[in-house]
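Chemist: Data: query_32.tsv, TSV, C-alpha atoms.
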```tsv
chain	number	residue	atom	x	y	z
A	15	MET	CA	-27.09	31.25	-20.22
A	16	ASN	CA	-25.94	31.24	-23.81
A	17	ASN	CA	-24.87	28.20	-25.81
A	18	LYS	CA	-21.12	29.01	-25.69
A	19	GLY	CA	-21.24	29.36	-21.93
A	20	GLN	CA	-22.93	26.00	-21.55
A	21	ILE	CA	-20.37	24.31	-23.77
A	22	GLY	CA	-17.54	25.88	-21.76
A	23	ILE	CA	-19.02	24.67	-18.50
A	24	LEU	CA	-19.50	21.17	-19.92
A	25	ILE	CA	-15.89	21.04	-21.12
A	26	MET	CA	-14.56	22.27	-17.76
A	27	THR	CA	-16.72	19.74	-15.94
A	28	ALA	CA	-15.59	16.90	-18.22
A	29	VAL	CA	-11.92	17.80	-17.75
A	30	ALA	CA	-12.37	18.08	-13.97
A	31	LEU	CA	-14.07	14.67	-13.84
A	32	ILE	CA	-11.42	12.98	-15.98
A	33	VAL	CA	-8.57	14.44	-13.92
A	34	GLY	CA	-10.42	13.60	-10.70
A	35	LEU	CA	-11.01	9.99	-11.75
A	36	VAL	CA	-7.38	9.56	-12.75
A	37	ILE	CA	-6.21	10.95	-9.42
A	38	LEU	CA	-8.77	8.88	-7.51
A	39	THR	CA	-7.96	5.58	-9.21
A	40	ASP	CA	-4.23	5.85	-9.85
A	41	VAL	CA	-2.96	7.85	-6.91
A	42	ILE	CA	-5.36	7.71	-4.01
A	43	SER	CA	-6.74	4.17	-4.35
A	44	ASP	CA	-3.37	2.56	-5.05
A	45	ASN	CA	-1.75	4.27	-2.09
A	46	THR	CA	-4.72	3.47	0.11
A	47	ALA	CA	-4.32	-0.23	-0.66
A	48	SER	CA	-0.61	-0.25	0.22
A	49	MET	CA	-1.29	1.78	3.38
A	50	THR	CA	-3.88	-0.64	4.74
A	51	THR	CA	-2.95	-4.11	3.44
A	52	ARG	CA	-0.20	-6.38	4.69
A	53	MET	CA	1.71	-8.29	2.01
A	54	ASN	CA	2.90	-11.90	1.97
A	55	VAL	CA	6.11	-13.54	0.81
A	56	VAL	CA	5.75	-17.27	0.28
A	57	ASN	CA	8.64	-19.72	-0.22
A	58	ALA	CA	11.28	-17.16	-1.18
A	59	SER	CA	14.55	-19.02	-1.75
A	60	ILE	CA	17.64	-17.56	-0.05
A	61	THR	CA	21.25	-18.59	0.40
A	62	THR	CA	22.97	-17.50	3.59
A	63	THR	CA	25.90	-18.18	5.89
A	64	ALA	CA	26.23	-18.25	9.66
A	65	GLY	CA	26.39	-14.77	11.15
A	66	SER	CA	25.06	-13.11	8.01
A	67	THR	CA	22.04	-10.83	7.85
A	68	THR	CA	19.27	-11.06	5.26
A	69	THR	CA	17.21	-7.94	4.53
A	70	LEU	CA	13.51	-8.64	4.09
A	71	ASN	CA	10.71	-6.72	2.40
A	72	GLY	CA	8.77	-4.29	4.59
A	73	LYS	CA	9.51	-2.56	7.84
A	74	VAL	CA	7.75	-4.96	10.23
A	75	ILE	CA	7.31	-8.68	9.65
A	76	ASP	CA	5.47	-11.42	11.45
A	77	GLN	CA	4.55	-15.07	10.89
A	78	PHE	CA	8.15	-15.77	9.82
A	79	ILE	CA	8.84	-19.39	8.85
A	80	ALA	CA	12.13	-20.72	7.53
A	81	ILE	CA	12.41	-24.18	5.97
A	82	ASN	CA	15.69	-25.96	5.25
A	83	ASP	CA	15.86	-26.41	1.48
A	84	SER	CA	17.63	-29.79	1.54
A	85	SER	CA	15.70	-31.58	4.31
A	86	GLY	CA	12.35	-29.76	4.21
A	87	ALA	CA	12.44	-29.39	7.99
A	88	THR	CA	11.35	-26.19	9.66
A	89	ILE	CA	14.31	-24.25	11.02
A	90	PRO	CA	13.75	-23.58	14.75
A	91	ALA	CA	13.43	-19.93	15.79
A	92	SER	CA	16.47	-20.37	18.04
A	93	ASN	CA	18.62	-20.46	14.87
A	94	TYR	CA	17.74	-16.94	13.70
A	95	THR	CA	16.78	-13.53	15.07
A	96	VAL	CA	14.23	-11.31	13.32
A	97	THR	CA	14.64	-7.58	13.91
A	98	ASN	CA	11.94	-5.10	12.84
A	99	ASN	CA	12.23	-1.35	12.16
A	100	VAL	CA	15.94	-1.42	11.34
A	101	ILE	CA	17.41	1.62	9.59
A	102	LEU	CA	18.88	0.20	6.38
A	103	SER	CA	21.86	1.51	4.43
A	104	ASP	CA	19.58	3.50	2.10
A	105	GLY	CA	17.99	5.27	5.09
A	106	THR	CA	14.64	3.48	4.99
A	107	LEU	CA	13.12	1.26	7.64
A	108	GLY	CA	13.28	-2.47	7.09
A	109	ALA	CA	13.34	-5.86	8.73
A	110	THR	CA	16.34	-8.18	8.93
A	111	VAL	CA	17.10	-11.77	9.89
A	112	LEU	CA	20.39	-12.64	11.59
A	113	TRP	CA	21.20	-16.29	10.90
A	114	LYS	CA	22.89	-18.30	13.66
A	115	THR	CA	25.03	-21.41	13.18
A	116	GLY	CA	22.76	-24.33	14.15
A	117	TRP	CA	21.34	-25.46	10.81
A	118	LEU	CA	23.81	-24.09	8.27
A	119	LEU	CA	25.27	-27.32	6.87
A	120	GLN	CA	23.16	-26.59	3.78
A	121	PRO	CA	22.89	-22.79	3.59
A	122	LYS	CA	19.76	-22.68	1.42
A	123	ALA	CA	16.36	-22.00	2.89
A	124	ASN	CA	12.85	-21.12	1.83
A	125	ILE	CA	11.29	-18.34	3.88
A	126	SER	CA	7.69	-17.19	4.20
A	127	TYR	CA	6.41	-14.21	6.14
A	128	ARG	CA	3.84	-11.43	6.26
A	129	TYR	CA	5.08	-7.84	6.21
A	130	GLU	CA	3.95	-4.26	6.49
A	131	PRO	CA	5.09	-2.34	3.40
A	132	LEU	CA	6.65	1.09	3.68
A	133	GLY	CA	3.87	3.58	4.30
A	134	TYR	CA	1.67	1.01	6.06
A	135	VAL	CA	-0.66	2.55	8.65
A	136	ALA	CA	-0.76	0.21	11.64
A	137	ASP	CA	-3.34	2.09	13.71
A	138	THR	CA	-6.91	0.97	12.94
A	139	GLY	CA	-8.32	4.45	13.52
A	140	SER	CA	-5.91	5.87	10.96
A	141	GLN	CA	-6.81	3.09	8.54
A	142	ALA	CA	-10.45	4.15	8.81
A	143	ILE	CA	-9.48	7.75	8.01
A	144	VAL	CA	-7.50	6.55	4.97
A	145	GLY	CA	-10.62	4.77	3.75
A	146	LEU	CA	-12.65	7.95	4.24
A	147	ILE	CA	-10.25	9.88	2.00
A	148	VAL	CA	-11.34	7.76	-0.97
A	149	LEU	CA	-14.99	8.23	-0.03
A	150	PHE	CA	-14.69	12.02	0.22
A	151	CYS	CA	-12.84	12.20	-3.11
A	152	ALA	CA	-15.69	10.27	-4.73
A	153	VAL	CA	-18.24	12.61	-3.14
A	154	ALA	CA	-16.27	15.62	-4.41
A	155	LEU	CA	-16.37	14.19	-7.93
A	156	VAL	CA	-20.13	13.74	-7.69
A	157	VAL	CA	-20.48	17.37	-6.57
A	158	VAL	CA	-18.35	18.52	-9.52
A	159	ALA	CA	-20.51	16.48	-11.88
A	160	VAL	CA	-23.83	17.68	-10.48
A	161	SER	CA	-23.03	21.34	-9.76
A	162	PRO	CA	-23.41	22.67	-13.37
A	163	ILE	CA	-26.80	20.98	-13.66
A	164	LEU	CA	-27.97	22.35	-10.33
A	165	ARG	CA	-26.63	25.80	-11.13
A	166	SER	CA	-28.44	25.99	-14.45
A	167	TRP	CA	-31.62	24.64	-12.83
A	168	ILE	CA	-31.45	27.30	-10.07
A	169	VAL	CA	-30.78	30.09	-12.58
A	170	GLU	CA	-33.68	28.87	-14.68
A	171	LYS	CA	-36.04	28.85	-11.69
A	172	MET	CA	-34.89	32.31	-10.55
A	173	SER	CA	-35.38	33.88	-13.95
A	174	ALA	CA	-38.85	32.38	-14.45
```
If you took the structure in this file and wrote it as C-alpha coordinates, what would it be?

Modeler:
Amino acid sequence: MNNKGQIGILIMTAVALIVGLVILTDVISDNTASMTTRMNVVNASITTTAGSTTTLNGKVIDQFIAINDSSGATIPASNYTVTNNVILSDGTLGATVLWKTGWLLQPKANISYRYEPLGYVADTGSQAIVGLIVLFCAVALVVVAVSPILRSWIVEKMSA
(Lines of atoms letter the chains of each structure in order from A and count residues from 1; the text may use other names and numbers.)
(Lines give C-alpha, C1' and ligand atoms only; values in the text may rest on other atoms or scores of the structure.)
Protein backbone atom coordinates (compact mmCIF):
# COMPACT_ATOMS: atom_id res chain seq x y z
CA MET A 1 0.00 0.00 0.00
CA ASN A 2 1.29 3.46 -0.76
CA ASN A 3 1.97 6.19 1.77
CA LYS A 4 -1.13 8.28 0.89
CA GLY A 5 -3.36 5.26 1.32
CA GLN A 6 -1.93 4.52 4.74
CA ILE A 7 -2.41 8.12 5.86
CA GLY A 8 -6.02 8.03 4.64
CA ILE A 9 -6.72 4.85 6.54
CA LEU A 10 -5.12 6.26 9.69
CA ILE A 11 -7.21 9.44 9.45
CA MET A 12 -10.43 7.46 8.90
CA THR A 13 -9.59 5.19 11.82
CA ALA A 14 -8.80 8.14 14.09
CA VAL A 15 -12.07 9.89 13.19
CA ALA A 16 -14.05 6.66 13.70
CA LEU A 17 -12.44 6.13 17.12
CA ILE A 18 -13.04 9.70 18.25
CA VAL A 19 -16.69 9.62 17.15
CA GLY A 20 -17.11 6.16 18.69
CA LEU A 21 -15.64 7.25 22.02
CA VAL A 22 -17.84 10.34 22.12
CA ILE A 23 -20.92 8.26 21.41
CA LEU A 24 -19.88 5.59 23.90
CA THR A 25 -19.14 7.99 26.76
CA ASP A 26 -21.71 10.73 26.25
CA VAL A 27 -24.70 8.91 24.85
CA ILE A 28 -24.57 5.23 25.66
CA SER A 29 -22.91 5.27 29.09
CA ASP A 30 -24.97 8.18 30.42
CA ASN A 31 -28.23 6.60 29.31
CA THR A 32 -27.15 3.23 30.63
CA ALA A 33 -26.61 4.73 34.07
CA SER A 34 -30.07 6.35 34.16
CA MET A 35 -31.67 3.15 32.84
CA THR A 36 -30.21 0.93 35.56
CA THR A 37 -29.80 3.14 38.67
CA ARG A 38 -32.49 4.28 41.06
CA MET A 39 -32.16 7.85 42.32
CA ASN A 40 -32.71 9.27 45.81
CA VAL A 41 -34.36 12.44 47.07
CA VAL A 42 -33.37 13.29 50.63
CA ASN A 43 -35.09 15.90 52.83
CA ALA A 44 -36.84 17.80 50.05
CA SER A 45 -38.87 20.59 51.64
CA ILE A 46 -42.48 20.94 50.47
CA THR A 47 -45.50 23.00 51.45
CA THR A 48 -48.90 21.42 50.98
CA THR A 49 -52.53 21.59 52.02
CA ALA A 50 -55.09 18.92 52.85
CA GLY A 51 -56.48 17.26 49.75
CA SER A 52 -53.68 18.54 47.52
CA THR A 53 -51.44 16.39 45.36
CA THR A 54 -47.67 16.70 45.13
CA THR A 55 -45.92 15.43 42.00
CA LEU A 56 -42.68 13.61 42.71
CA ASN A 57 -39.64 12.83 40.58
CA GLY A 58 -39.70 9.52 38.71
CA LYS A 59 -42.43 7.17 37.65
CA VAL A 60 -42.27 4.69 40.55
CA ILE A 61 -41.18 5.53 44.09
CA ASP A 62 -40.55 3.51 47.19
CA GLN A 63 -39.12 4.03 50.68
CA PHE A 64 -41.23 7.20 51.03
CA ILE A 65 -40.80 9.01 54.35
CA ALA A 66 -42.46 12.29 55.28
CA ILE A 67 -41.37 14.28 58.34
CA ASN A 68 -43.33 17.18 59.83
CA ASP A 69 -41.12 20.26 59.50
CA SER A 70 -42.20 21.91 62.75
CA SER A 71 -42.19 18.92 65.13
CA GLY A 72 -39.68 16.60 63.44
CA ALA A 73 -42.10 13.69 63.85
CA THR A 74 -42.58 11.17 61.09
CA ILE A 75 -45.93 11.60 59.38
CA PRO A 76 -47.84 8.29 59.49
CA ALA A 77 -48.59 6.63 56.15
CA SER A 78 -52.31 6.87 56.94
CA ASN A 79 -52.06 10.63 56.31
CA TYR A 80 -51.01 10.35 52.66
CA THR A 81 -51.44 8.10 49.64
CA VAL A 82 -48.59 7.47 47.19
CA THR A 83 -49.65 6.59 43.64
CA ASN A 84 -47.14 5.30 41.09
CA ASN A 85 -47.33 5.33 37.27
CA VAL A 86 -49.74 8.25 37.05
CA ILE A 87 -50.14 9.96 33.68
CA LEU A 88 -49.20 13.58 34.36
CA SER A 89 -50.48 16.68 32.59
CA ASP A 90 -47.47 16.70 30.24
CA GLY A 91 -48.22 13.11 29.17
CA THR A 92 -45.34 11.44 31.01
CA LEU A 93 -45.54 8.87 33.76
CA GLY A 94 -44.95 10.06 37.29
CA ALA A 95 -45.66 9.45 40.95
CA THR A 96 -47.90 11.57 43.16
CA VAL A 97 -48.71 11.94 46.85
CA LEU A 98 -52.24 12.83 47.94
CA TRP A 99 -52.09 14.51 51.34
CA LYS A 100 -54.89 13.81 53.82
CA THR A 101 -55.98 16.05 56.71
CA GLY A 102 -54.48 14.44 59.83
CA TRP A 103 -51.21 16.32 60.30
CA LEU A 104 -51.75 19.54 58.36
CA LEU A 105 -51.71 22.10 61.19
CA GLN A 106 -48.24 23.04 59.90
CA PRO A 107 -48.30 22.33 56.16
CA LYS A 108 -44.53 22.04 55.71
CA ALA A 109 -42.82 18.69 55.45
CA ASN A 110 -39.51 17.18 54.48
CA ILE A 111 -39.82 14.15 52.23
CA SER A 112 -37.29 11.48 51.29
CA TYR A 113 -37.78 8.66 48.80
CA ARG A 114 -36.11 6.48 46.19
CA TYR A 115 -37.42 6.64 42.63
CA GLU A 116 -37.07 5.08 39.22
CA PRO A 117 -36.27 7.81 36.68
CA LEU A 118 -38.02 7.94 33.32
CA GLY A 119 -36.47 5.30 31.10
CA TYR A 120 -35.55 3.06 34.05
CA VAL A 121 -35.45 -0.64 33.14
CA ALA A 122 -36.96 -2.57 36.05
CA ASP A 123 -36.38 -6.09 34.71
CA THR A 124 -33.00 -7.50 35.76
CA GLY A 125 -32.59 -9.44 32.52
CA SER A 126 -33.07 -6.25 30.53
CA GLN A 127 -30.60 -4.45 32.78
CA ALA A 128 -28.02 -7.09 31.92
CA ILE A 129 -28.66 -6.53 28.20
CA VAL A 130 -28.25 -2.76 28.69
CA GLY A 131 -24.86 -3.44 30.28
CA LEU A 132 -23.89 -5.63 27.33
CA ILE A 133 -24.61 -2.78 24.92
CA VAL A 134 -21.73 -0.80 26.42
CA LEU A 135 -19.47 -3.86 26.27
CA PHE A 136 -20.26 -4.55 22.59
CA CYS A 137 -19.69 -0.89 21.68
CA ALA A 138 -16.27 -1.05 23.33
CA VAL A 139 -15.47 -4.27 21.45
CA ALA A 140 -16.55 -2.62 18.18
CA LEU A 141 -14.18 0.27 18.86
CA VAL A 142 -11.33 -2.16 19.47
CA VAL A 143 -12.11 -3.88 16.16
CA VAL A 144 -12.09 -0.51 14.37
CA ALA A 145 -8.75 0.33 15.95
CA VAL A 146 -7.12 -3.01 15.16
CA SER A 147 -8.55 -3.73 11.70
CA PRO A 148 -6.20 -1.44 9.68
CA ILE A 149 -3.18 -3.00 11.38
CA LEU A 150 -4.43 -6.52 10.76
CA ARG A 151 -5.35 -5.70 7.17
CA SER A 152 -1.92 -4.31 6.37
CA TRP A 153 -0.28 -7.27 8.12
CA ILE A 154 -2.36 -9.75 6.08
CA VAL A 155 -1.64 -7.92 2.81
CA GLU A 156 2.05 -7.88 3.67
CA LYS A 157 2.08 -11.63 4.37
CA MET A 158 0.13 -12.41 1.19
CA SER A 159 2.43 -10.40 -1.03
CA ALA A 160 5.61 -11.88 0.44

Chemist: Here is a test: counting only C-alpha atoms, which residue of A:Asn93, A:Asp40, A:Pro131, A:Ser66 is nearest to A:Arg52?

Modeler: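 Of the candidates, the smallest distance to A:Arg52 is held by A:Pro131.
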
Chemist: Name all residues at most 8 Å from stretch 111-116 of chain A (count only C-alpha atoms; drop same-chain ones fewer than 3 positions away) and give them as number ranges by chain.

Modeler: A: 62-70, 93-97

Chemist: What gap, in Å, lies between atom CA of A:Lys122 and atom CA of A:Asn71?

Modeler: 18.4 Å

Chemist: At what distance in Å, to one decimal, does atom CA of A:Ile37 lie from atom CA of A:Ser166?

Modeler: 27.3 Å

Chemist: A:Asn82: which residues within 7 Å, counting only C-alpha atoms, same-chain residues fewer than 6 positions away excluded, as a count of residues only?

Modeler: 5

Chemist: How many Å separate atom CA of A:Ile143 from atom CA of A:Gly72?

Modeler: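 That distance, rounded to one decimal, is 22.1 Å.
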
Chemist: Complete stretch 104-136 of chain A with N, CA and C atoms (output as an mmCIF file, in the frame of the given file).

Modeler:
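This is the output file part08.cif:
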```
data_model
loop_
_atom_site.group_PDB
_atom_site.id
_atom_site.type_symbol
_atom_site.label_atom_id
_atom_site.label_comp_id
_atom_site.auth_asym_id
_atom_site.auth_seq_id
_atom_site.Cartn_x
_atom_site.Cartn_y
_atom_site.Cartn_z
ATOM 1 N N ASP A 104 20.148 2.440 2.937
ATOM 2 C CA ASP A 104 19.580 3.500 2.100
ATOM 3 C C ASP A 104 18.740 4.489 2.903
ATOM 4 N N GLY A 105 18.699 4.332 4.222
ATOM 5 C CA GLY A 105 17.990 5.270 5.090
ATOM 6 C C GLY A 105 16.538 4.933 5.350
ATOM 7 N N THR A 106 16.031 3.862 4.764
ATOM 8 C CA THR A 106 14.640 3.480 4.990
ATOM 9 C C THR A 106 14.553 2.473 6.132
ATOM 10 N N LEU A 107 13.342 2.271 6.613
ATOM 11 C CA LEU A 107 13.120 1.260 7.640
ATOM 12 C C LEU A 107 12.934 -0.098 6.979
ATOM 13 N N GLY A 108 13.417 -1.124 7.626
ATOM 14 C CA GLY A 108 13.280 -2.470 7.090
ATOM 15 C C GLY A 108 13.324 -3.497 8.199
ATOM 16 N N ALA A 109 13.253 -4.736 7.807
ATOM 17 C CA ALA A 109 13.340 -5.860 8.730
ATOM 18 C C ALA A 109 14.500 -6.747 8.291
ATOM 19 N N THR A 110 15.202 -7.323 9.244
ATOM 20 C CA THR A 110 16.340 -8.180 8.930
ATOM 21 C C THR A 110 16.254 -9.490 9.711
ATOM 22 N N VAL A 111 16.955 -10.488 9.195
ATOM 23 C CA VAL A 111 17.100 -11.770 9.890
ATOM 24 C C VAL A 111 18.587 -12.040 10.054
ATOM 25 N N LEU A 112 19.008 -12.250 11.294
ATOM 26 C CA LEU A 112 20.390 -12.640 11.590
ATOM 27 C C LEU A 112 20.400 -14.152 11.759
ATOM 28 N N TRP A 113 21.155 -14.828 10.889
ATOM 29 C CA TRP A 113 21.200 -16.290 10.900
ATOM 30 C C TRP A 113 22.278 -16.769 11.848
ATOM 31 N N LYS A 114 21.934 -17.717 12.723
ATOM 32 C CA LYS A 114 22.890 -18.300 13.660
ATOM 33 C C LYS A 114 23.411 -19.606 13.072
ATOM 34 N N THR A 115 24.300 -20.288 13.764
ATOM 35 C CA THR A 115 25.030 -21.410 13.180
ATOM 36 C C THR A 115 24.304 -22.736 13.145
ATOM 37 N N GLY A 116 23.319 -22.999 13.945
ATOM 38 C CA GLY A 116 22.760 -24.330 14.150
ATOM 39 C C GLY A 116 22.455 -25.166 12.923
ATOM 40 N N TRP A 117 21.857 -24.664 11.919
ATOM 41 C CA TRP A 117 21.340 -25.460 10.810
ATOM 42 C C TRP A 117 22.131 -25.309 9.525
ATOM 43 N N LEU A 118 23.193 -24.547 9.516
ATOM 44 C CA LEU A 118 23.810 -24.090 8.270
ATOM 45 C C LEU A 118 24.764 -25.079 7.603
ATOM 46 N N LEU A 119 24.493 -26.386 7.665
ATOM 47 C CA LEU A 119 25.270 -27.320 6.870
ATOM 48 C C LEU A 119 24.914 -27.158 5.401
ATOM 49 N N GLN A 120 23.652 -26.920 5.118
ATOM 50 C CA GLN A 120 23.160 -26.590 3.780
ATOM 51 C C GLN A 120 22.590 -25.179 3.870
ATOM 52 N N PRO A 121 23.286 -24.181 3.323
ATOM 53 C CA PRO A 121 22.890 -22.790 3.590
ATOM 54 C C PRO A 121 21.728 -22.266 2.758
ATOM 55 N N LYS A 122 20.915 -23.143 2.177
ATOM 56 C CA LYS A 122 19.760 -22.680 1.420
ATOM 57 C C LYS A 122 18.500 -22.907 2.229
ATOM 58 N N ALA A 123 17.613 -21.906 2.146
ATOM 59 C CA ALA A 123 16.360 -22.000 2.890
ATOM 60 C C ALA A 123 15.247 -21.357 2.079
ATOM 61 N N ASN A 124 14.040 -21.770 2.370
ATOM 62 C CA ASN A 124 12.850 -21.120 1.830
ATOM 63 C C ASN A 124 12.182 -20.397 2.992
ATOM 64 N N ILE A 125 11.902 -19.113 2.809
ATOM 65 C CA ILE A 125 11.290 -18.340 3.880
ATOM 66 C C ILE A 125 9.923 -17.821 3.448
ATOM 67 N N SER A 126 9.028 -17.754 4.405
ATOM 68 C CA SER A 126 7.690 -17.190 4.200
ATOM 69 C C SER A 126 7.397 -16.275 5.370
ATOM 70 N N TYR A 127 6.762 -15.137 5.077
ATOM 71 C CA TYR A 127 6.410 -14.210 6.140
ATOM 72 C C TYR A 127 5.385 -13.209 5.638
ATOM 73 N N ARG A 128 4.769 -12.515 6.575
ATOM 74 C CA ARG A 128 3.840 -11.430 6.260
ATOM 75 C C ARG A 128 4.517 -10.134 6.699
ATOM 76 N N TYR A 129 4.394 -9.094 5.876
ATOM 77 C CA TYR A 129 5.080 -7.840 6.210
ATOM 78 C C TYR A 129 4.211 -6.625 5.977
ATOM 79 N N GLU A 130 4.585 -5.548 6.673
ATOM 80 C CA GLU A 130 3.950 -4.260 6.490
ATOM 81 C C GLU A 130 4.813 -3.458 5.523
ATOM 82 N N PRO A 131 4.282 -3.100 4.356
ATOM 83 C CA PRO A 131 5.090 -2.340 3.400
ATOM 84 C C PRO A 131 5.387 -0.935 3.916
ATOM 85 N N LEU A 132 6.355 -0.287 3.303
ATOM 86 C CA LEU A 132 6.650 1.090 3.680
ATOM 87 C C LEU A 132 5.406 1.937 3.442
ATOM 88 N N GLY A 133 5.075 2.778 4.397
ATOM 89 C CA GLY A 133 3.870 3.580 4.300
ATOM 90 C C GLY A 133 2.652 2.935 4.924
ATOM 91 N N TYR A 134 2.797 1.713 5.439
ATOM 92 C CA TYR A 134 1.670 1.010 6.060
ATOM 93 C C TYR A 134 1.214 1.751 7.315
ATOM 94 N N VAL A 135 -0.083 1.887 7.481
ATOM 95 C CA VAL A 135 -0.660 2.550 8.650
ATOM 96 C C VAL A 135 -1.134 1.463 9.597
ATOM 97 N N ALA A 136 -0.458 1.312 10.729
ATOM 98 C CA ALA A 136 -0.760 0.210 11.640
ATOM 99 C C ALA A 136 -1.969 0.482 12.517
#
```
